[in-house]
$ cat data-v9.cif   # mmCIF, C-alpha atoms
data_entry
#
loop_
_atom_site.group_PDB
_atom_site.id
_atom_site.type_symbol
_atom_site.label_atom_id
_atom_site.label_comp_id
_atom_site.auth_asym_id
_atom_site.auth_seq_id
_atom_site.Cartn_x
_atom_site.Cartn_y
_atom_site.Cartn_z
ATOM 1 C CA MET A 13 -106.891 1.911 -61.233
ATOM 2 C CA VAL A 14 -104.406 4.810 -61.116
ATOM 3 C CA LEU A 15 -102.696 3.618 -64.315
ATOM 4 C CA ALA A 16 -106.036 3.299 -66.112
ATOM 5 C CA LEU A 17 -107.000 6.834 -65.054
ATOM 6 C CA ALA A 18 -103.641 8.218 -66.219
ATOM 7 C CA ALA A 19 -104.018 6.425 -69.585
ATOM 8 C CA MET A 20 -107.516 7.895 -70.038
ATOM 9 C CA GLN A 21 -106.267 11.402 -69.251
ATOM 10 C CA LEU A 22 -103.405 11.013 -71.720
ATOM 11 C CA ALA A 23 -105.770 9.762 -74.446
ATOM 12 C CA HIS A 24 -107.980 12.846 -73.954
ATOM 13 C CA ALA A 25 -105.095 15.293 -73.661
ATOM 14 C CA GLY A 26 -105.404 18.436 -75.729
ATOM 15 C CA PRO A 27 -102.927 19.571 -78.340
ATOM 16 C CA ALA A 28 -99.410 20.562 -77.354
ATOM 17 C CA PRO A 29 -99.332 24.388 -77.144
ATOM 18 C CA CYS A 30 -96.977 26.243 -79.462
ATOM 19 C CA SER A 31 -96.471 29.399 -81.478
ATOM 20 C CA VAL A 32 -94.699 28.722 -84.773
ATOM 21 C CA TRP A 33 -95.179 30.261 -88.234
ATOM 22 C CA LEU A 34 -95.755 27.947 -91.192
ATOM 23 C CA TRP A 35 -97.277 28.189 -94.647
ATOM 24 C CA VAL A 36 -99.663 26.071 -96.695
ATOM 25 C CA SER A 37 -97.987 24.178 -99.535
ATOM 26 C CA ASP A 38 -100.956 22.192 -100.862
ATOM 27 C CA PRO A 39 -100.729 22.107 -104.691
ATOM 28 C CA ASP A 40 -104.506 21.567 -104.992
ATOM 29 C CA PRO A 41 -105.930 24.736 -106.619
ATOM 30 C CA LYS A 42 -108.966 24.467 -104.293
ATOM 31 C CA GLY A 43 -106.612 24.742 -101.298
ATOM 32 C CA ILE A 44 -106.026 22.728 -98.163
ATOM 33 C CA ASN A 45 -109.011 21.377 -96.247
ATOM 34 C CA VAL A 46 -109.367 22.920 -92.810
ATOM 35 C CA ARG A 47 -110.789 20.365 -90.362
ATOM 36 C CA ALA A 48 -112.779 20.904 -87.162
ATOM 37 C CA ALA A 49 -110.670 18.305 -85.313
ATOM 38 C CA PRO A 50 -107.316 16.550 -85.890
ATOM 39 C CA SER A 51 -108.676 13.801 -88.151
ATOM 40 C CA GLY A 52 -109.169 13.237 -91.859
ATOM 41 C CA LYS A 53 -112.721 12.152 -91.009
ATOM 42 C CA SER A 54 -113.540 15.398 -89.197
ATOM 43 C CA THR A 55 -115.881 18.037 -90.614
ATOM 44 C CA ILE A 56 -114.350 20.258 -93.301
ATOM 45 C CA LEU A 57 -114.710 23.903 -92.248
ATOM 46 C CA GLY A 58 -113.493 25.293 -95.570
ATOM 47 C CA GLN A 59 -110.207 25.678 -97.443
ATOM 48 C CA LEU A 60 -107.126 27.882 -97.379
ATOM 49 C CA PRO A 61 -105.172 28.450 -100.607
ATOM 50 C CA GLY A 62 -101.527 27.541 -101.045
ATOM 51 C CA GLY A 63 -99.158 30.247 -99.829
ATOM 52 C CA THR A 64 -101.347 31.189 -96.870
ATOM 53 C CA GLU A 65 -99.175 31.772 -93.820
ATOM 54 C CA ILE A 66 -100.493 30.580 -90.464
ATOM 55 C CA THR A 67 -99.548 30.559 -86.815
ATOM 56 C CA ALA A 68 -99.419 27.011 -85.450
ATOM 57 C CA ILE A 69 -100.907 27.029 -81.943
ATOM 58 C CA GLY A 70 -101.105 23.301 -81.240
ATOM 59 C CA ALA A 71 -100.419 19.857 -82.607
ATOM 60 C CA LYS A 72 -101.819 16.375 -82.236
ATOM 61 C CA GLU A 73 -100.872 13.196 -84.106
ATOM 62 C CA GLY A 74 -99.464 14.940 -87.207
ATOM 63 C CA TRP A 75 -102.220 17.563 -87.356
ATOM 64 C CA ILE A 76 -101.477 21.222 -86.718
ATOM 65 C CA GLN A 77 -103.981 23.575 -85.118
ATOM 66 C CA PHE A 78 -103.720 27.128 -86.420
ATOM 67 C CA ASN A 79 -105.057 30.658 -86.241
ATOM 68 C CA ASN A 80 -104.270 34.032 -87.866
ATOM 69 C CA PRO A 81 -104.196 33.069 -91.565
ATOM 70 C CA ILE A 82 -102.254 35.617 -93.604
ATOM 71 C CA ALA A 83 -102.751 36.044 -97.360
ATOM 72 C CA PHE A 84 -99.686 36.002 -99.566
ATOM 73 C CA GLU A 85 -100.919 36.431 -103.126
ATOM 74 C CA PRO A 86 -98.672 38.983 -104.853
ATOM 75 C CA GLU A 87 -100.303 38.129 -108.183
ATOM 76 C CA ASN A 88 -103.564 39.486 -106.672
ATOM 77 C CA GLY A 89 -101.953 42.469 -104.920
ATOM 78 C CA ARG A 90 -102.190 40.856 -101.465
ATOM 79 C CA GLU A 91 -98.989 40.483 -99.493
ATOM 80 C CA TRP A 92 -98.995 39.621 -95.798
ATOM 81 C CA GLU A 93 -102.422 40.885 -94.945
ATOM 82 C CA PRO A 94 -104.911 39.120 -92.668
ATOM 83 C CA ARG A 95 -107.041 36.665 -94.602
ATOM 84 C CA THR A 96 -110.659 37.480 -93.754
ATOM 85 C CA GLU A 97 -112.259 34.881 -96.033
ATOM 86 C CA GLY A 98 -112.225 31.195 -95.105
ATOM 87 C CA PRO A 99 -111.674 29.537 -91.746
ATOM 88 C CA GLN A 100 -109.786 31.586 -89.161
ATOM 89 C CA THR A 101 -108.843 28.553 -87.079
ATOM 90 C CA GLY A 102 -108.938 24.779 -87.369
ATOM 91 C CA TRP A 103 -106.680 21.809 -88.097
ATOM 92 C CA LEU A 104 -104.372 21.209 -91.090
ATOM 93 C CA HIS A 105 -102.436 18.066 -91.927
ATOM 94 C CA GLY A 106 -98.698 18.582 -91.363
ATOM 95 C CA SER A 107 -97.736 16.971 -94.681
ATOM 96 C CA LEU A 108 -99.154 20.033 -96.482
ATOM 97 C CA LEU A 109 -97.355 22.638 -94.360
ATOM 98 C CA LYS A 110 -93.838 23.979 -94.779
ATOM 99 C CA THR A 111 -91.184 26.206 -93.291
ATOM 100 C CA SER A 112 -87.730 27.165 -94.470
ATOM 101 C CA LEU A 113 -84.646 26.514 -92.397
ATOM 102 C CA ARG A 114 -81.460 28.419 -91.647
ATOM 103 C CA ASP A 115 -78.244 27.986 -89.747
ATOM 104 C CA ARG A 116 -78.644 28.637 -86.056
ATOM 105 C CA THR A 117 -77.947 32.039 -84.662
ATOM 106 C CA LYS A 118 -77.271 33.101 -81.121
ATOM 107 C CA ASP A 119 -77.448 36.762 -80.224
ATOM 108 C CA GLY A 120 -77.603 37.648 -83.905
ATOM 109 C CA GLU A 121 -74.459 35.728 -84.838
ATOM 110 C CA THR A 122 -74.559 32.481 -86.799
ATOM 111 C CA ASP A 123 -72.581 29.545 -85.483
ATOM 112 C CA GLY A 124 -72.787 28.021 -88.965
ATOM 113 C CA SER A 125 -74.407 24.756 -87.946
ATOM 114 C CA PHE A 126 -77.761 23.044 -88.080
ATOM 115 C CA ALA A 127 -78.976 20.326 -85.709
ATOM 116 C CA LEU A 128 -81.996 18.141 -85.018
ATOM 117 C CA TYR A 129 -82.847 17.108 -81.469
ATOM 118 C CA ALA A 130 -84.705 14.080 -80.061
ATOM 119 C CA THR A 131 -86.744 16.358 -77.786
ATOM 120 C CA PRO A 132 -87.604 20.059 -77.852
ATOM 121 C CA ASP A 133 -84.622 20.834 -75.630
ATOM 122 C CA ASP A 134 -81.165 21.745 -76.938
ATOM 123 C CA THR A 135 -79.437 20.840 -73.674
ATOM 124 C CA THR A 136 -79.877 17.134 -74.518
ATOM 125 C CA GLY A 137 -77.505 17.334 -77.474
ATOM 126 C CA PRO A 138 -78.363 16.829 -81.128
ATOM 127 C CA ILE A 139 -79.257 13.514 -82.750
ATOM 128 C CA VAL A 140 -77.724 14.769 -86.005
ATOM 129 C CA ARG A 141 -75.705 17.886 -86.759
ATOM 130 C CA TRP A 142 -74.404 19.386 -89.954
ATOM 131 C CA ALA A 143 -70.990 20.989 -89.610
ATOM 132 C CA ASN A 144 -70.102 24.638 -89.858
ATOM 133 C CA ARG A 145 -70.374 25.822 -93.489
ATOM 134 C CA ASP A 146 -71.525 22.395 -94.760
ATOM 135 C CA PRO A 147 -72.958 23.081 -98.233
ATOM 136 C CA TYR A 148 -75.463 20.251 -97.668
ATOM 137 C CA SER A 149 -76.827 21.629 -94.406
ATOM 138 C CA PRO A 150 -80.636 21.873 -94.190
ATOM 139 C CA GLY A 151 -79.867 25.382 -92.945
ATOM 140 C CA ASN A 152 -79.044 26.355 -96.527
ATOM 141 C CA ASP A 153 -82.809 26.217 -97.178
ATOM 142 C CA TRP A 154 -82.807 23.409 -99.695
ATOM 143 C CA GLY A 155 -86.574 22.956 -99.277
ATOM 144 C CA VAL A 156 -86.007 19.730 -97.399
ATOM 145 C CA VAL A 157 -88.996 19.813 -95.007
ATOM 146 C CA ARG A 158 -91.106 16.815 -96.030
ATOM 147 C CA THR A 159 -93.707 17.082 -93.277
ATOM 148 C CA VAL A 160 -94.432 18.909 -90.040
ATOM 149 C CA LEU A 161 -95.213 16.442 -87.243
ATOM 150 C CA ASP A 162 -95.529 18.434 -84.048
ATOM 151 C CA CYS A 163 -94.759 21.674 -82.265
ATOM 152 C CA SER A 164 -93.996 22.609 -78.684
ATOM 153 C CA THR A 165 -93.569 26.232 -77.578
ATOM 154 C CA THR A 166 -91.335 27.570 -80.398
ATOM 155 C CA TRP A 167 -89.880 24.188 -81.423
ATOM 156 C CA LEU A 168 -90.981 22.305 -84.526
ATOM 157 C CA LYS A 169 -90.770 18.545 -85.110
ATOM 158 C CA VAL A 170 -90.218 17.734 -88.778
ATOM 159 C CA VAL A 171 -89.218 15.025 -91.208
ATOM 160 C CA LEU A 172 -86.360 16.324 -93.363
ATOM 161 C CA ALA A 173 -85.044 14.897 -96.600
ATOM 162 C CA ASP A 174 -81.290 14.619 -96.333
ATOM 163 C CA PRO A 175 -79.969 17.461 -98.534
ATOM 164 C CA LYS A 176 -77.149 15.260 -99.846
ATOM 165 C CA ASP A 177 -79.206 12.076 -100.349
ATOM 166 C CA GLN A 178 -82.929 12.755 -100.872
ATOM 167 C CA THR A 179 -83.730 9.045 -100.335
ATOM 168 C CA LYS A 180 -82.773 9.390 -96.651
ATOM 169 C CA THR A 181 -84.777 11.251 -94.031
ATOM 170 C CA HIS A 182 -84.138 12.603 -90.546
ATOM 171 C CA THR A 183 -86.839 13.170 -87.950
ATOM 172 C CA GLY A 184 -86.336 15.526 -85.056
ATOM 173 C CA TRP A 185 -87.000 18.845 -83.377
ATOM 174 C CA VAL A 186 -85.811 22.123 -84.901
ATOM 175 C CA HIS A 187 -84.909 25.001 -82.569
ATOM 176 C CA ALA A 188 -86.691 28.327 -83.165
ATOM 177 C CA ASP A 189 -83.356 29.892 -84.185
ATOM 178 C CA ASN A 190 -83.149 27.392 -87.088
ATOM 179 C CA GLN A 191 -86.611 28.233 -88.417
ATOM 180 C CA CYS A 192 -87.139 30.729 -91.206
ATOM 181 C CA PRO A 193 -90.894 30.964 -91.668
ATOM 182 C CA SER A 194 -90.882 33.379 -94.584
ATOM 183 C CA GLN A 195 -91.690 31.627 -97.833
ATOM 184 C CA VAL A 196 -90.251 34.319 -100.113
ATOM 185 C CA THR A 197 -87.201 35.859 -98.456
ATOM 186 C CA THR A 198 -83.876 34.589 -97.250
ATOM 187 C CA CYS A 199 -83.554 34.736 -93.506
ATOM 188 C CA PRO A 200 -80.442 36.396 -92.106
#

$ encode --input "data-v9.cif" --output "structure tokens"
Amino acid sequence: MVLALAAMQLAHAGPAPCSVWLWVSDPDPKGINVRAAPSGKSTILGQLPGGTEITAIGAKEGWIQFNNPIAFEPENGREWEPRTEGPQTGWLHGSLLKTSLRDRTKDGETDGSFALYATPDDTTGPIVRWANRDPYSPGNDWGVVRTVLDCSTTWLKVVLADPKDQTKTHTGWVHADNQCPSQVTTCP
């Protein structure tokens, strides 16, 4: 009875809370569909155009809940201003969201490495690490994020294409210090 109750609670659990910046990378000129719930069968609330920056506030089964859409449309004279048209919150599929990556910094100093973790906790040790000054490090912002899977606090779970061999992928958690959410500038 206790196990059945625990399983029911887990099945109805809400999204994992987080606060991570991402941007829409859907090539569809109509934009990405914003859903009312984390499902491709859920009601479409509207669309957000590619380049819109969002704050991820939750995640569930490969879907990212967001708020605070920001317009980035320099061709229309709009750069980093709140988007007032379209849905202000909802769910987006993680395969159409991106972030850039950078080498990890601590106290403003880079240690020149990039790592993925099995859990959103860097005390467990990395599952894969790219060495200091490795030219093939995902931290060199090669555009290797294939999909966003999950988020927890300031951590982001992603599938990365291996920068040296694009046929290989790595799945793991990226520390906040390795994230570079700006789509147009190089992070320090």

$ atom_distance --input "data-v9.cif" --atom1 "CA of Val157 in chain A" --atom2 "CA of Arg47 in chain A"
22.3 Å

$ residues_around --input "data-v9.cif" --residues "range 75-91 of chain A" --least-positions-apart "6" --cutoff "7 Å" --atoms "only C-alpha atoms" --output "MDAnalysis selection string"
chainID A and resid 50 63:69 100:106

$ resolve_selection --input "data-v9.cif" --expression "the PyMOL selection byres ((chain A and resi 181) around 10)" --output "VMD selection string"
chain A and resid 156 to 158 170 to 175 177 to 180 182 to 183

$ resolve_selection --input "data-v9.cif" --expression "the PyMOL selection byres ((chain A and resi 108) around 8)" --output "number ranges by chain"
A: 36-38, 44, 104-107, 109-110, 159

$ write_last_selection --input "data-v9.cif" --atoms "C-alpha atoms" --output "compact mmCIF listing (two decimals), keeping the file's coordinate frame"
# COMPACT_ATOMS: atom_id res chain seq x y z
CA VAL A 36 -99.66 26.07 -96.70
CA SER A 37 -97.99 24.18 -99.54
CA ASP A 38 -100.96 22.19 -100.86
CA ILE A 44 -106.03 22.73 -98.16
CA LEU A 104 -104.37 21.21 -91.09
CA HIS A 105 -102.44 18.07 -91.93
CA GLY A 106 -98.70 18.58 -91.36
CA SER A 107 -97.74 16.97 -94.68
CA LEU A 109 -97.36 22.64 -94.36
CA LYS A 110 -93.84 23.98 -94.78
CA THR A 159 -93.71 17.08 -93.28

$ atom_distance --input "data-v9.cif" --atom1 "CA of Ile139 in chain A" --atom2 "CA of Ser31 in chain A"
23.5 Å

$ residues_around --input "data-v9.cif" --residues "Val186 in chain A" --least-positions-apart "5" --cutoff "12 Å" --atoms "only C-alpha atoms" --output "PyMOL selection string"
chain A and resi 32+111-116+126-134+138-141+150-151+157+160-172+191-192

$ write_last_selection --input "data-v9.cif" --atoms "C-alpha atoms" --output "mmCIF file, keeping the file's coordinate frame"
data_model
loop_
_atom_site.group_PDB
_atom_site.id
_atom_site.type_symbol
_atom_site.label_atom_id
_atom_site.label_comp_id
_atom_site.auth_asym_id
_atom_site.auth_seq_id
_atom_site.Cartn_x
_atom_site.Cartn_y
_atom_site.Cartn_z
ATOM 1 C CA VAL A 32 -94.699 28.722 -84.773
ATOM 2 C CA THR A 111 -91.184 26.206 -93.291
ATOM 3 C CA SER A 112 -87.730 27.165 -94.470
ATOM 4 C CA LEU A 113 -84.646 26.514 -92.397
ATOM 5 C CA ARG A 114 -81.460 28.419 -91.647
ATOM 6 C CA ASP A 115 -78.244 27.986 -89.747
ATOM 7 C CA ARG A 116 -78.644 28.637 -86.056
ATOM 8 C CA PHE A 126 -77.761 23.044 -88.080
ATOM 9 C CA ALA A 127 -78.976 20.326 -85.709
ATOM 10 C CA LEU A 128 -81.996 18.141 -85.018
ATOM 11 C CA TYR A 129 -82.847 17.108 -81.469
ATOM 12 C CA ALA A 130 -84.705 14.080 -80.061
ATOM 13 C CA THR A 131 -86.744 16.358 -77.786
ATOM 14 C CA PRO A 132 -87.604 20.059 -77.852
ATOM 15 C CA ASP A 133 -84.622 20.834 -75.630
ATOM 16 C CA ASP A 134 -81.165 21.745 -76.938
ATOM 17 C CA PRO A 138 -78.363 16.829 -81.128
ATOM 18 C CA ILE A 139 -79.257 13.514 -82.750
ATOM 19 C CA VAL A 140 -77.724 14.769 -86.005
ATOM 20 C CA ARG A 141 -75.705 17.886 -86.759
ATOM 21 C CA PRO A 150 -80.636 21.873 -94.190
ATOM 22 C CA GLY A 151 -79.867 25.382 -92.945
ATOM 23 C CA VAL A 157 -88.996 19.813 -95.007
ATOM 24 C CA VAL A 160 -94.432 18.909 -90.040
ATOM 25 C CA LEU A 161 -95.213 16.442 -87.243
ATOM 26 C CA ASP A 162 -95.529 18.434 -84.048
ATOM 27 C CA CYS A 163 -94.759 21.674 -82.265
ATOM 28 C CA SER A 164 -93.996 22.609 -78.684
ATOM 29 C CA THR A 165 -93.569 26.232 -77.578
ATOM 30 C CA THR A 166 -91.335 27.570 -80.398
ATOM 31 C CA TRP A 167 -89.880 24.188 -81.423
ATOM 32 C CA LEU A 168 -90.981 22.305 -84.526
ATOM 33 C CA LYS A 169 -90.770 18.545 -85.110
ATOM 34 C CA VAL A 170 -90.218 17.734 -88.778
ATOM 35 C CA VAL A 171 -89.218 15.025 -91.208
ATOM 36 C CA LEU A 172 -86.360 16.324 -93.363
ATOM 37 C CA GLN A 191 -86.611 28.233 -88.417
ATOM 38 C CA CYS A 192 -87.139 30.729 -91.206
#

$ atom_distance --input "data-v9.cif" --atom1 "CA of Leu34 in chain A" --atom2 "CA of Glu97 in chain A"
18.5 Å

$ closest_residue --input "data-v9.cif" --among "A:Ala49, A:Cys30, A:Ile56, A:Ala188" --to "Gly70 in chain A" --atoms "only C-alpha atoms"
A:Cys30
